[in-house]
Amino acid sequence: MDGTAWLLFILIIQLIHFAGTWKLYVKAGRKAWEAAIPVYNAIVLMKIIGRPGWWVILLFIPIINLLMFPVIWVETIRSFGRTSLLETWLVILTLGFYIYYVNYALDVTYVEDRSLKPKTALGEWVSSIVFAIVAATLVHTYFIQPYVIPTGSLEKTLLVGDFLFVSKFHYGARIPMTTVAAPMVHDTLPVLGIRSYLKKPQLPYMRLPKLQEIKRNDIVVFSWPADTVRVFFKKEEGVVKPIDKKSNYVKRCVGLPGDSLSVVDGYVHIDGKRTQLPGRAKPQYTYTIYSDKGVSSRLLAEVGITEFTRKYLSGPLNQAQVVALSDYLIGANQTQNGEVELYTNHYGIPVSVIRKAKLNLREVTERERSVTMTEKEAAAMETNSAIDSVKRQLEGPGKAGYNIFPQDKAFAWNNDNFGPIYIPEKGKTINLDVEVLPLYKKIIRDYEHNTVSVNGNQVLINGNPTNTYTFKQDYYWMMGDNRHRSEDSRTWGYVPADHIVGKPVFIWMSIEGINEGISNWKPRWDRFFTTVGGDGEPRSYFRYFLIALAGWFVFDYFRKRRKKKQ
């Protein structure tokens with residue numbers, strides 16, 4: 001919806017409100033015209049129903065207003081003596097239109113000094129729940145949002161199972177563009193598995209004032225630009241999502257608007273110079289480790305390596321054994337000699353499961369293994385007498401990788417050698433021809449909503465020939481620290497400014513094995529209550545939190561005891 005459509009929509013809402021309430025305004029001792037003036041009518045209505053004036057602000061905050069409208073409808077009819085449970089449900093289920101019946105068909109009297117306290121315990125409970133949801137939604141939407149790290153794209157820096165608090169106000173909270181949506185959920189209703197929002201009407205992109213700009217190498221949460229997935233891990237036709245209902249991703253911002261970025265042998269370069277990552281960043285690469293005696297899983301675990309595959313060999317399995325193993329396997333294969341190859345992640349198959357299912361397994365210790373690890377871990381492996389060689393896997397320059405942006409054969413780039421590429425800055429103009437068009441076509445067409453076509457060697461935007469283009473917003477380049485196991489901007493390109501969600505600031509809990517079933521959960525106590533940014537190893541403040549909490553309980557105990565004595 002454009003500005004004109006929104007003005008028309010607001011005008012219609014005001015007319016609906018005026019037509020349904022003007023007689024009630026008069027009965028409350030106000031003037032009929034006061035029901036027709038936008039914003040002012042809301043202020044007057046708050047006085048009529050005896051509620052504070054700041055409630056008016058809540059009526060104009062997207063998502064929060066959806067929760068407040070039913071409250072206002074109920075409060076309005078109760079101010080004129082309609083307090084029955086039936087009428088409460090009628091005004092809610094009719095989306096407020098029951099007020100028309102009260103306004104025109106019933107002879108009601110304004111109750112000027114009505115009690116605002118709920119008359120029953122249930123009413124008090126419902127009132128408390130409603131305003132708890134309003135407060136939580138306000139915080140969740142505009143200030144702090146919880147987030148769980150689902151994948152290992154930032155592994156060793158942020159771990160799978162880290163529970164984060166993401167600040168919305170650091171980069172300026174994005175005003176929800178989807179105006180009709182369920183509170184406290186993202187794009188899908190839990191249990192029901194259906195869409196949690198209506199695609200229309202949509203607000204234009206707006207942000208609240210920011211505390212800071214995105215800095216190079218900040219970890220950022222953003223809406224995944226390429227998201228057309230309704231349900232992950234389910235094959236079906238893609239869907240078009242509003243920007244604020246796209247799946248949230250977290251990566252490191254390695255390129256800012258105006259940068260010339262390239263990746264050389266796995267290292268990010270800006271304007272031709274290799275960037276220096278902050279101290280807490282732990283980039284990982286895939287290495288080939290070789291030992292003539294075999295590379296054991298135990299050796300890898302002792303060094304702290306967590307991203308490798310374990311292989312077991314077994315005889316034929318019965319149905320009960322297959323079921324027992326199903327939660328641990330990432331793959332299986334039948335060999336020609338009748339044995340079964342079983343593949344797991346680094347956790348392997350617990351001994352207790354092997355014994356209970358009466359399995360006859362042996363783990364294969366192969367001479368050569370592909371392992372993801374940091375450069376520090378690789379150096380430790382090189383000095384280990386049990387290892388013969390450690391070699392980083394690299395795709396050389398000029399070799400086209402799989403599914404690499406811009407997915408055009410003219411650009412023979414890969415994850416290790418990529419670019420250089422210009423990251424667009426708002427207001428900057430570039431020369432545009434058919435050779436560079438693949439780099440910016442998605443921006444021009446999908447993010448800035450123009451039509452793009454080519455006629456011979458001529459680029460046409462919105463049907464007009466052009467050899468330049470001026471960008472309408474800033475763009476960023478996001479990459480995972482797990483360089484060889486991260487789908488990021490090297491796959492789907494730039495992240496527009498209107499897709500930025502917030503900045504992770506705090507890890508309040510961390511669970512190892514979060515995706516392995518609750519029986520395999522292990523708290524990482526050293527990561528509880530740690531900050532995301534900063535240099536050096538993360539420091540946990542969980543101990544101090546527990547001390548402060550215990551102190552509060554002691555203080556509260558003696559305070560209540562003193563009151564009883566008085």
# chains A, B, ... in the order shown; residues from 1 in each chain; ligands from 1

$ residues_around --residues "Arg30 (chain A)" --least-positions-apart "5" --cutoff "10 Å" --atoms "only C-alpha atoms" --output "count of residues only"
8

$ select_by_dssp --residues "region 182-319 of chain A" --states "strand (DSSP E or B)" --output "PyMOL selection string"
chain A and resi 188+195+197+202+207+219-223+248-255+260-264+267-270+273-274+284-290+307+310-314

$ residues_around --residues "region 109-111 of chain A" --least-positions-apart "3" --cutoff "6 Å" --atoms "only C-alpha atoms" --output "VMD selection string"
chain A and resid 28 79 to 80 114

$ write_last_selection --atoms "N, CA, C and O atoms" --output "compact mmCIF listing (two decimals), in the first residue's frame"
# COMPACT_ATOMS: atom_id res chain seq x y z
N ALA A 28 -22.10 10.59 26.87
CA ALA A 28 -21.03 10.76 27.86
C ALA A 28 -20.73 12.23 28.12
O ALA A 28 -19.77 12.55 28.83
N SER A 79 -18.52 0.96 29.75
CA SER A 79 -18.73 2.33 30.22
C SER A 79 -20.19 2.76 30.09
O SER A 79 -20.58 3.80 30.63
N PHE A 80 -20.98 1.96 29.36
CA PHE A 80 -22.42 2.26 29.20
C PHE A 80 -23.28 1.12 29.75
O PHE A 80 -24.39 0.87 29.29
N ARG A 114 -17.65 4.40 37.06
CA ARG A 114 -17.64 2.95 37.18
C ARG A 114 -16.31 2.45 37.74
O ARG A 114 -15.26 3.07 37.55

$ select_by_dssp --residues "region 216-437 of chain A" --states "helix (DSSP H, G or I)" --output "PyMOL selection string"
chain A and resi 243-245+297-303+319-325+351-356+375-382+437

$ atom_distance --atom1 "CA of Ile404 (chain A)" --atom2 "CA of Asn417 (chain A)"
10.7 Å

$ residues_around --residues "Asp327 (chain A)" --least-positions-apart "5" --cutoff "10 Å" --atoms "only C-alpha atoms" --output "ChimeraX atom specification"
/A:322,344,349,516-517

$ write_last_selection --atoms "N, CA, C and O atoms" --output "PDB file, in the first residue's frame"
ATOM      1  N   VAL A 322      17.144 -50.647  14.154  1.00  0.00           N
ATOM      2  CA  VAL A 322      17.046 -49.465  13.288  1.00  0.00           C
ATOM      3  C   VAL A 322      16.360 -48.326  14.038  1.00  0.00           C
ATOM      4  O   VAL A 322      16.800 -47.167  13.999  1.00  0.00           O
ATOM      5  N   THR A 344      27.369 -40.881  11.743  1.00  0.00           N
ATOM      6  CA  THR A 344      26.833 -39.993  12.768  1.00  0.00           C
ATOM      7  C   THR A 344      27.658 -38.707  12.801  1.00  0.00           C
ATOM      8  O   THR A 344      28.715 -38.623  12.163  1.00  0.00           O
ATOM      9  N   ILE A 349      27.475 -42.838  18.607  1.00  0.00           N
ATOM     10  CA  ILE A 349      26.368 -43.628  19.154  1.00  0.00           C
ATOM     11  C   ILE A 349      26.713 -43.974  20.598  1.00  0.00           C
ATOM     12  O   ILE A 349      27.744 -44.593  20.856  1.00  0.00           O
ATOM     13  N   GLU A 516      19.721 -32.754  19.476  1.00  0.00           N
ATOM     14  CA  GLU A 516      19.927 -34.201  19.584  1.00  0.00           C
ATOM     15  C   GLU A 516      18.935 -34.887  20.513  1.00  0.00           C
ATOM     16  O   GLU A 516      19.130 -36.027  20.895  1.00  0.00           O
ATOM     17  N   GLY A 517      17.877 -34.187  20.899  1.00  0.00           N
ATOM     18  CA  GLY A 517      16.918 -34.769  21.836  1.00  0.00           C
ATOM     19  C   GLY A 517      17.247 -34.371  23.262  1.00  0.00           C
ATOM     20  O   GLY A 517      18.416 -34.233  23.630  1.00  0.00           O
TER      21      GLY A 517
END

$ residues_around --residues "region 120-127 of chain A" --least-positions-apart "6" --cutoff "12 Å" --atoms "only C-alpha atoms" --output "ChimeraX atom specification"
/A:67-68,70-71,74-75,83-85,88,133-134

$ closest_residue --among "A:Ile214, A:Ala550, A:Val185, A:Ile305" --to "Lys376 (chain A)" --atoms "only C-alpha atoms"
A:Ile305

$ residues_around --residues "region 92-97 of chain A" --least-positions-apart "3" --cutoff "6 Å" --atoms "only C-alpha atoms" --output "list in words"
Pro70, Trp73, Trp89 and Tyr100 of chain A

$ write_last_selection --atoms "N, CA and C atoms" --output "PDB file, in the first residue's frame"
ATOM      1  N   PRO A  70      -9.407  -4.879  20.935  1.00  0.00           N
ATOM      2  CA  PRO A  70     -10.458  -5.601  21.674  1.00  0.00           C
ATOM      3  C   PRO A  70     -10.659  -5.072  23.091  1.00  0.00           C
ATOM      4  N   TRP A  73     -12.748  -1.956  22.806  1.00  0.00           N
ATOM      5  CA  TRP A  73     -14.148  -2.273  22.496  1.00  0.00           C
ATOM      6  C   TRP A  73     -14.902  -2.696  23.761  1.00  0.00           C
ATOM      7  N   TRP A  89     -18.154 -11.129  24.760  1.00  0.00           N
ATOM      8  CA  TRP A  89     -17.790 -11.986  23.634  1.00  0.00           C
ATOM      9  C   TRP A  89     -18.353 -11.467  22.318  1.00  0.00           C
ATOM     10  N   TYR A 100     -22.132  -0.767  17.341  1.00  0.00           N
ATOM     11  CA  TYR A 100     -23.189  -0.143  16.509  1.00  0.00           C
ATOM     12  C   TYR A 100     -24.562  -0.445  17.108  1.00  0.00           C
TER      13      TYR A 100
END

$ residues_around --residues "region 454-462 of chain A" --least-positions-apart "4" --cutoff "9 Å" --atoms "only C-alpha atoms" --output "list in words"
Leu432, Asp433, Val434, Leu437, Ile444, Arg445, Asn450, Thr466, Asn467 and Tyr469 of chain A

$ closest_residue --among "A:Leu317, A:Ile289, A:Ile500, A:Val166" --to "Ala379 (chain A)" --atoms "only C-alpha atoms"
A:Ile289

$ atom_distance --atom1 "CA of Lys409 (chain A)" --atom2 "CA of His449 (chain A)"
25.1 Å

$ closest_residue --among "A:Trp33, A:Tyr40, A:Phe163, A:Tyr347" --to "Val56 (chain A)" --atoms "only C-alpha atoms"
A:Tyr40

$ closest_residue --among "A:Gly536, A:Gly502, A:Pro209, A:Gly480" --to "Leu154 (chain A)" --atoms "only C-alpha atoms"
A:Gly480
